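> Shown below is the structure under consideration.
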Amino acid sequence: MNHSRVTARLLAREPLPGITEALGNMDGWLLRDGAHWLMTRHEGVLTLGKVAADPSRVFADRATWTVPTADASGIYCSPLPDGALAISSREAVTVYEADGTVRWEHRHETWPDSPGAAGACTPDPAGRVLLATMAGPLGPGRSYAGDICRALDLTTGEVLAEHVLPSFSATYAFQQFPDARPEVLLTASMGQDGTLCLLATYTATGLDMRAAGTAEEPYVGLGGDGALVSQDVGGGYLCRTQDGADDVIIEAGEILPEDWVFVGYTPGFVDNERILVAAAEEQWAEEGTHLLLDAHTLRPLAELDYPQTPGVTAVPLGDGTWLTHDEELVQRWTIA
């Protein structure tokens, strides 16, 4: 590729068993309460690593829980502001205290004929409620209005609000914005029926949902001022969406060698001016090239040089640094 090259400088590295598989899960990387988190499953243990604000370290803290279900792959986990853990499964949403005891459990309907459907959960940015997606109830004649999102009291599990979603039997994921705005991003992946990207907001009057601009992909990076960068499932294009601005779309063929695609599925903002994406010759490549793009135009700024060829996953942290992994070792980088 005929792009200028800049050197990636290693800042820190720490082992985290299970990280390779984790970054393929909907909850493997999370933005919660102004911090980034990595969630792994390894030998029956859930490990939640909080990425350090200090760029000379990878993690500020870690917490572990014994997997509370035989099928750890079928759950979605989210840290809570007080050190507890919320887990969404196909039958229930449960909050576990830091010592592993159950604070409360909210049972709900399931998707009996949709094995790929899966709920998700997150605290709202104010830390008042847990937002959780789940199957909705069947109506007369087994009619189905759609999946639902509920706002549950974080202390008691009481249902405070409910909203019927425009999605059906979807796989869900939540992300908060880095600037602590009151809305959160909800992605609803429905297989061949596409993906919906929604902005969810809980207020005293209830639970509000609206479309997140024109974003319609499950792989979305969130920036300041509500900016989103989404990556096509097939890796064919990137799209930048923001309220009050025109969409910016760049096809892989415009900036990559012939037949190359965007890979890794963790596009995101290194800072307010730069986006980091990975590219390779095919979707399932194990090694790739990392590119810095202009955060507004999506035009290439530089290709990153590492001491050795990197994998296809890079997690931008918004502070000028990003994470990669080498097998079970998490690495933190910046530009030299």
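Please note that chains go A, B, ... in the order of the structure tokens, that every chain numbers its residues from 1, and that ligands are numbered from 1 in the order shown.
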I'd like to know which residues of region 25-206 of chain A are strand (DSSP E or B) (by DSSP, run on the backbone); could you write them as a ChimeraX atom specification?
/A:29-32,35-42,45-51,59-66,76-79,85-88,92-96,102-107,118,121-123,129-134,138,144,148-153,159-164,171-176,184-189,195-203,206
> Show me, as a list of chain:residue names, the residues that have an atom within 9 Å of Gly311 (chain A) when counting only C-alpha atoms, minus same-chain residues fewer than 4 positions from it.
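Neighbouring residues, sequence-local ones excluded: A:Gly264, A:Ala278, A:Ala285, A:Glu286, A:Glu287, A:Gly288, A:Thr289, A:His290, A:Thr324, A:His325, A:Asp326.
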> Could you produce a table of the residues of region 9-82 of chain A lying within 12 Å of region 138-159 of chain A, with the nearest pair of atoms per residue and their separation in Å rounded to one decimal, using only C-alpha atoms, ordered by chain and increasing residue number, as CSV?

```
residue,atom,partner,partner_atom,distance
A:Pro79,CA,A:Leu154,CA,11.9
A:Leu80,CA,A:Leu154,CA,8.9
A:Pro81,CA,A:Leu154,CA,10.0
A:Asp82,CA,A:Leu154,CA,10.1
```
> Residues of the last selection are to be written out with C-alpha atoms, as a short mmCIF file (atom, residue, chain, number, x, y, z; two decimals), in the first residue's frame.

```
data_model
loop_
_atom_site.label_atom_id
_atom_site.label_comp_id
_atom_site.auth_asym_id
_atom_site.auth_seq_id
_atom_site.Cartn_x
_atom_site.Cartn_y
_atom_site.Cartn_z
CA PRO A 79 -19.79 -4.59 34.69
CA LEU A 80 -21.83 -2.37 36.99
CA PRO A 81 -20.66 0.86 38.66
CA ASP A 82 -20.52 -0.64 42.17
#
```
> Considering only C-alpha atoms, state which residue in the set A:Leu304, A:Val312, A:Ala295, A:Ala120 is at the smallest distance from Arg90 (chain A).
A:Ala120
> Neighbouring residues of Leu301 (chain A) were defined as those with any atom within 8 Å, considering only C-alpha atoms; residues of the same chain fewer than 4 positions away were excluded. Please report them as number ranges by chain.
A: 3-4, 291-294
> Of the residues A:Leu199, A:Val263, A:Leu238, A:Val315, which is the one nearest to Thr297 (chain A), using only C-alpha atoms?
A:Leu238
> Work out how far apart CA of Arg41 (chain A) and CA of Ala132 (chain A) are and give it in Å to one decimal.
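Calculated distance between CA of Arg41 (chain A) and CA of Ala132 (chain A) is 21.0 Å.
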> Determine, counting only C-alpha atoms, which protein, DNA and RNA residues have an atom within 8 Å of an atom of Phe177 (chain A); residues of the same chain fewer than 2 positions away are not included. Present the result as a compact mmCIF listing (two decimals) with N, CA and C atoms, in the first residue's frame.

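Output saved as around_19.txt:
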```
# COMPACT_ATOMS: atom_id res chain seq x y z
N LEU A 31 -17.44 -0.65 26.58
CA LEU A 31 -17.24 0.70 27.07
C LEU A 31 -18.34 0.97 28.09
N GLY A 34 -17.31 5.31 31.38
CA GLY A 34 -16.12 6.05 31.01
C GLY A 34 -14.85 5.24 30.91
N GLN A 175 -23.21 -0.53 23.83
CA GLN A 175 -22.00 0.23 24.13
C GLN A 175 -22.40 1.63 24.60
N ASP A 179 -18.16 10.02 26.01
CA ASP A 179 -18.38 11.31 26.66
C ASP A 179 -19.56 11.29 27.63
N ALA A 180 -20.00 10.09 28.04
CA ALA A 180 -21.02 9.92 29.09
C ALA A 180 -22.34 10.59 28.75
N ARG A 181 -22.66 10.69 27.46
CA ARG A 181 -23.98 11.21 27.11
C ARG A 181 -25.06 10.24 27.60
N GLU A 183 -27.55 8.68 26.30
CA GLU A 183 -28.00 7.59 25.45
C GLU A 183 -26.90 6.55 25.28
N VAL A 184 -27.31 5.32 24.98
CA VAL A 184 -26.36 4.25 24.70
C VAL A 184 -26.70 3.65 23.35
N LEU A 185 -25.70 3.03 22.72
CA LEU A 185 -25.92 2.40 21.43
C LEU A 185 -26.34 0.95 21.63
N LEU A 222 -17.44 4.05 18.67
CA LEU A 222 -18.10 5.26 19.14
C LEU A 222 -17.07 6.32 19.49
N GLY A 223 -17.30 7.54 18.99
CA GLY A 223 -16.42 8.65 19.29
C GLY A 223 -17.12 9.74 20.06
N GLY A 224 -16.39 10.81 20.34
CA GLY A 224 -16.99 11.96 21.01
C GLY A 224 -18.02 12.65 20.12
N GLY A 226 -21.00 12.01 19.69
CA GLY A 226 -21.97 11.10 19.09
C GLY A 226 -21.57 10.53 17.75
```
> Between CA of Leu198 (chain A) and CA of Ala227 (chain A), what is the spacing in Å?
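That distance, rounded to one decimal, is 13.5 Å.
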> State, in Å with one decimal place, the distance from CA of Gly83 (chain A) to CA of Tyr96 (chain A).
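Calculated distance between CA of Gly83 (chain A) and CA of Tyr96 (chain A) is 9.3 Å.
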> So that I can check the secondary structure, give me every residue of region 122-287 of chain A assigned helix (DSSP H, G or I) by backbone DSSP, as a list of chain:residue names.
A:Pro140, A:Gly141, A:Arg142, A:Gly191, A:Gln192, A:Asp193, A:Gly224, A:Asp225, A:Gly226, A:Ala252, A:Gly253, A:Glu254, A:Ile255
> Go through A:Phe174, A:Trp65, A:Trp284, A:Tyr202 one by one, measure the shortest atom-to-atom distance of each to Val220 (chain A) using only C-alpha atoms, and give the residue with the smallest value.
A:Phe174
> When distances are computed from only C-alpha atoms, which of A:Leu276, A:Leu196, A:Ala98, A:Ala135 shows the smallest separation from Ile335 (chain A)?
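Going through A:Leu276, A:Leu196, A:Ala98, A:Ala135 one by one, the smallest distance to Ile335 (chain A) is for A:Leu276.
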> Write out as a list of chain:residue names the residues lying within 6 Å of region 51-56 of chain A, counting only C-alpha atoms and excluding same-chain residues fewer than 4 positions away.
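The residues that qualify are A:Leu11, A:Ala12, A:His36, A:Trp37, A:Ala60.
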> Just to be explicit: take each residue in the selection above, keep N, CA and C atoms, and write the result as an mmCIF file, in the first residue's frame.

```
data_model
loop_
_atom_site.group_PDB
_atom_site.id
_atom_site.type_symbol
_atom_site.label_atom_id
_atom_site.label_comp_id
_atom_site.auth_asym_id
_atom_site.auth_seq_id
_atom_site.Cartn_x
_atom_site.Cartn_y
_atom_site.Cartn_z
ATOM 1 N N LEU A 11 3.706 0.229 24.821
ATOM 2 C CA LEU A 11 3.674 0.891 26.124
ATOM 3 C C LEU A 11 3.625 -0.098 27.282
ATOM 4 N N ALA A 12 2.888 -1.184 27.108
ATOM 5 C CA ALA A 12 2.708 -2.147 28.199
ATOM 6 C C ALA A 12 2.155 -3.440 27.633
ATOM 7 N N HIS A 36 -12.846 1.387 29.495
ATOM 8 C CA HIS A 36 -12.875 0.224 28.615
ATOM 9 C C HIS A 36 -12.641 -1.034 29.441
ATOM 10 N N TRP A 37 -13.314 -2.107 29.043
ATOM 11 C CA TRP A 37 -13.227 -3.367 29.775
ATOM 12 C C TRP A 37 -13.049 -4.507 28.781
ATOM 13 N N ALA A 60 -6.059 -1.623 35.085
ATOM 14 C CA ALA A 60 -6.085 -0.977 36.396
ATOM 15 C C ALA A 60 -6.578 -1.943 37.457
#
```
> Write out as a list in words each polymer residue whose atoms come within 9 Å of Val270 (chain A), counting only C-alpha atoms; drop sequence neighbours fewer than 2 positions from it.
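The residues that qualify are Gly223, Gly268, Asn272, Glu273, Arg274, Ile275, Leu276, Leu292, Ala295, Val315, Pro316, Leu317, Gly318, Asp319, Gly320, Thr321 and Trp322 of chain A.
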> Dump all heavy atoms for the selected residues as a CSV table (one decimal), in the first residue's frame?

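Result file is part03.csv:
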```
chain,number,residue,atom,x,y,z
A,223,GLY,N,-17.3,7.5,19.0
A,223,GLY,CA,-16.4,8.6,19.3
A,223,GLY,C,-17.1,9.7,20.1
A,223,GLY,O,-18.3,9.6,20.4
A,268,GLY,N,-12.6,1.8,15.4
A,268,GLY,CA,-12.9,2.8,16.4
A,268,GLY,C,-11.9,4.0,16.4
A,268,GLY,O,-11.0,4.1,15.6
A,272,ASN,N,-9.9,12.0,18.7
A,272,ASN,CA,-10.9,12.7,18.0
A,272,ASN,C,-10.6,12.9,16.5
A,272,ASN,O,-11.5,13.2,15.7
A,272,ASN,CB,-11.2,14.0,18.6
A,272,ASN,CG,-11.9,13.9,20.0
A,272,ASN,OD1,-12.6,12.9,20.2
A,272,ASN,ND2,-11.8,14.9,20.8
A,273,GLU,N,-9.3,12.7,16.2
A,273,GLU,CA,-8.9,13.0,14.8
A,273,GLU,C,-8.5,11.7,14.0
A,273,GLU,O,-8.4,11.8,12.8
A,273,GLU,CB,-7.7,13.9,14.8
A,273,GLU,CG,-7.9,15.2,15.6
A,273,GLU,CD,-9.1,16.0,15.0
A,273,GLU,OE1,-9.2,16.0,13.8
A,273,GLU,OE2,-9.8,16.6,15.8
A,274,ARG,N,-8.4,10.6,14.6
A,274,ARG,CA,-7.9,9.4,13.9
A,274,ARG,C,-8.8,8.2,14.3
A,274,ARG,O,-9.1,7.9,15.4
A,274,ARG,CB,-6.5,9.1,14.2
A,274,ARG,CG,-5.5,10.2,13.8
A,274,ARG,CD,-4.1,10.0,14.3
A,274,ARG,NE,-4.1,10.0,15.8
A,274,ARG,CZ,-2.9,9.9,16.5
A,274,ARG,NH1,-1.8,9.7,15.9
A,274,ARG,NH2,-3.0,9.9,17.8
A,275,ILE,N,-9.0,7.4,13.2
A,275,ILE,CA,-9.7,6.1,13.4
A,275,ILE,C,-8.7,5.0,13.0
A,275,ILE,O,-7.8,5.2,12.2
A,275,ILE,CB,-10.9,6.0,12.4
A,275,ILE,CG1,-12.0,6.9,13.0
A,275,ILE,CG2,-11.4,4.6,12.2
A,275,ILE,CD1,-13.2,7.1,12.0
A,276,LEU,N,-8.8,3.9,13.7
A,276,LEU,CA,-7.9,2.7,13.5
A,276,LEU,C,-8.7,1.6,13.0
A,276,LEU,O,-9.7,1.2,13.6
A,276,LEU,CB,-7.2,2.3,14.8
A,276,LEU,CG,-6.3,1.1,14.7
A,276,LEU,CD1,-5.2,1.2,13.6
A,276,LEU,CD2,-5.7,0.8,16.1
A,292,LEU,N,-4.3,4.0,10.0
A,292,LEU,CA,-4.9,5.1,10.7
A,292,LEU,C,-5.6,5.9,9.6
A,292,LEU,O,-5.1,6.2,8.5
A,292,LEU,CB,-3.8,6.0,11.3
A,292,LEU,CG,-3.1,5.4,12.5
A,292,LEU,CD1,-2.0,6.3,13.0
A,292,LEU,CD2,-4.1,5.2,13.7
A,295,ALA,N,-10.5,10.9,11.0
A,295,ALA,CA,-11.7,10.6,11.7
A,295,ALA,C,-12.9,11.3,11.1
A,295,ALA,O,-14.1,10.9,11.4
A,295,ALA,CB,-11.6,11.0,13.2
A,315,VAL,N,-8.1,-2.7,19.3
A,315,VAL,CA,-9.1,-2.0,20.0
A,315,VAL,C,-8.7,-0.6,20.4
A,315,VAL,O,-7.9,-0.4,21.3
A,315,VAL,CB,-9.5,-2.8,21.3
A,315,VAL,CG1,-10.6,-2.0,22.1
A,315,VAL,CG2,-9.9,-4.2,21.0
A,316,PRO,N,-9.2,0.4,19.6
A,316,PRO,CA,-8.8,1.8,20.0
A,316,PRO,C,-9.4,2.3,21.3
A,316,PRO,O,-10.6,2.0,21.5
A,316,PRO,CB,-9.3,2.6,18.8
A,316,PRO,CG,-9.6,1.6,17.7
A,316,PRO,CD,-10.0,0.4,18.4
A,317,LEU,N,-8.7,3.0,22.0
A,317,LEU,CA,-9.1,3.5,23.4
A,317,LEU,C,-9.5,4.9,23.5
A,317,LEU,O,-9.9,5.4,24.5
A,317,LEU,CB,-8.1,3.1,24.4
A,317,LEU,CG,-7.7,1.6,24.5
A,317,LEU,CD1,-6.6,1.4,25.5
A,317,LEU,CD2,-8.9,0.8,24.9
A,318,GLY,N,-9.4,5.7,22.4
A,318,GLY,CA,-9.8,7.1,22.4
A,318,GLY,C,-8.9,8.1,23.0
A,318,GLY,O,-9.1,9.3,23.0
A,319,ASP,N,-7.8,7.6,23.6
A,319,ASP,CA,-6.8,8.4,24.3
A,319,ASP,C,-5.5,8.5,23.6
A,319,ASP,O,-4.4,8.9,24.2
A,319,ASP,CB,-6.6,8.0,25.8
A,319,ASP,CG,-6.0,6.6,25.8
A,319,ASP,OD1,-5.9,5.9,24.8
A,319,ASP,OD2,-5.7,6.1,27.0
A,320,GLY,N,-5.4,8.1,22.3
A,320,GLY,CA,-4.2,8.0,21.6
A,320,GLY,C,-3.5,6.7,21.7
A,320,GLY,O,-2.4,6.5,21.1
A,321,THR,N,-4.1,5.7,22.4
A,321,THR,CA,-3.5,4.4,22.5
A,321,THR,C,-4.6,3.3,22.0
A,321,THR,O,-5.7,3.6,21.8
A,321,THR,CB,-3.1,4.0,23.9
A,321,THR,OG1,-4.3,3.8,24.7
A,321,THR,CG2,-2.3,5.2,24.5
A,322,TRP,N,-4.1,2.1,21.8
A,322,TRP,CA,-5.0,1.0,21.4
A,322,TRP,C,-4.4,-0.3,21.9
A,322,TRP,O,-3.2,-0.4,22.3
A,322,TRP,CB,-5.1,1.0,19.9
A,322,TRP,CG,-3.9,0.7,19.1
A,322,TRP,CD1,-3.4,-0.5,18.6
A,322,TRP,CD2,-2.9,1.7,18.6
A,322,TRP,NE1,-2.2,-0.3,17.9
A,322,TRP,CE2,-1.9,1.0,17.9
A,322,TRP,CE3,-2.8,3.1,18.8
A,322,TRP,CZ2,-0.8,1.6,17.3
A,322,TRP,CZ3,-1.7,3.7,18.2
A,322,TRP,CH2,-0.7,3.0,17.5
```
> Could you check which of A:Ala126, A:Leu46, A:Met26, A:Ala117 is closest to Ser167 (chain A), using only C-alpha atoms?
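Ranking A:Ala126, A:Leu46, A:Met26, A:Ala117 by distance to Ser167 (chain A), first place goes to A:Ala117.
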> Looking at A:His296, A:Leu207, A:Ala280, A:Phe168, which one is nearest to Arg240 (chain A), with distances taken over only C-alpha atoms?
A:His296
> Would you mind listing what lies within 12 Å of Thr205 (chain A) as a CSV table (one decimal) with N, CA and C atoms, in the first residue's frame, with only C-alpha atoms counted and same-chain residues fewer than 4 positions away left out?

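Written output follows (out37.csv):
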```csv
chain,number,residue,atom,x,y,z
A,151,ALA,N,-36.1,-1.6,31.4
A,151,ALA,CA,-35.2,-0.8,32.3
A,151,ALA,C,-35.5,-1.4,33.7
A,160,LEU,N,-39.0,-0.9,35.6
A,160,LEU,CA,-39.4,0.5,35.6
A,160,LEU,C,-40.0,1.0,34.3
A,161,ALA,N,-39.6,0.4,33.2
A,161,ALA,CA,-40.0,0.8,31.9
A,161,ALA,C,-39.8,-0.3,30.9
A,162,GLU,N,-40.5,-0.3,29.8
A,162,GLU,CA,-40.4,-1.3,28.8
A,162,GLU,C,-40.7,-0.7,27.4
A,201,THR,N,-32.4,5.6,25.5
A,201,THR,CA,-32.3,6.6,26.6
A,201,THR,C,-33.4,6.3,27.6
```
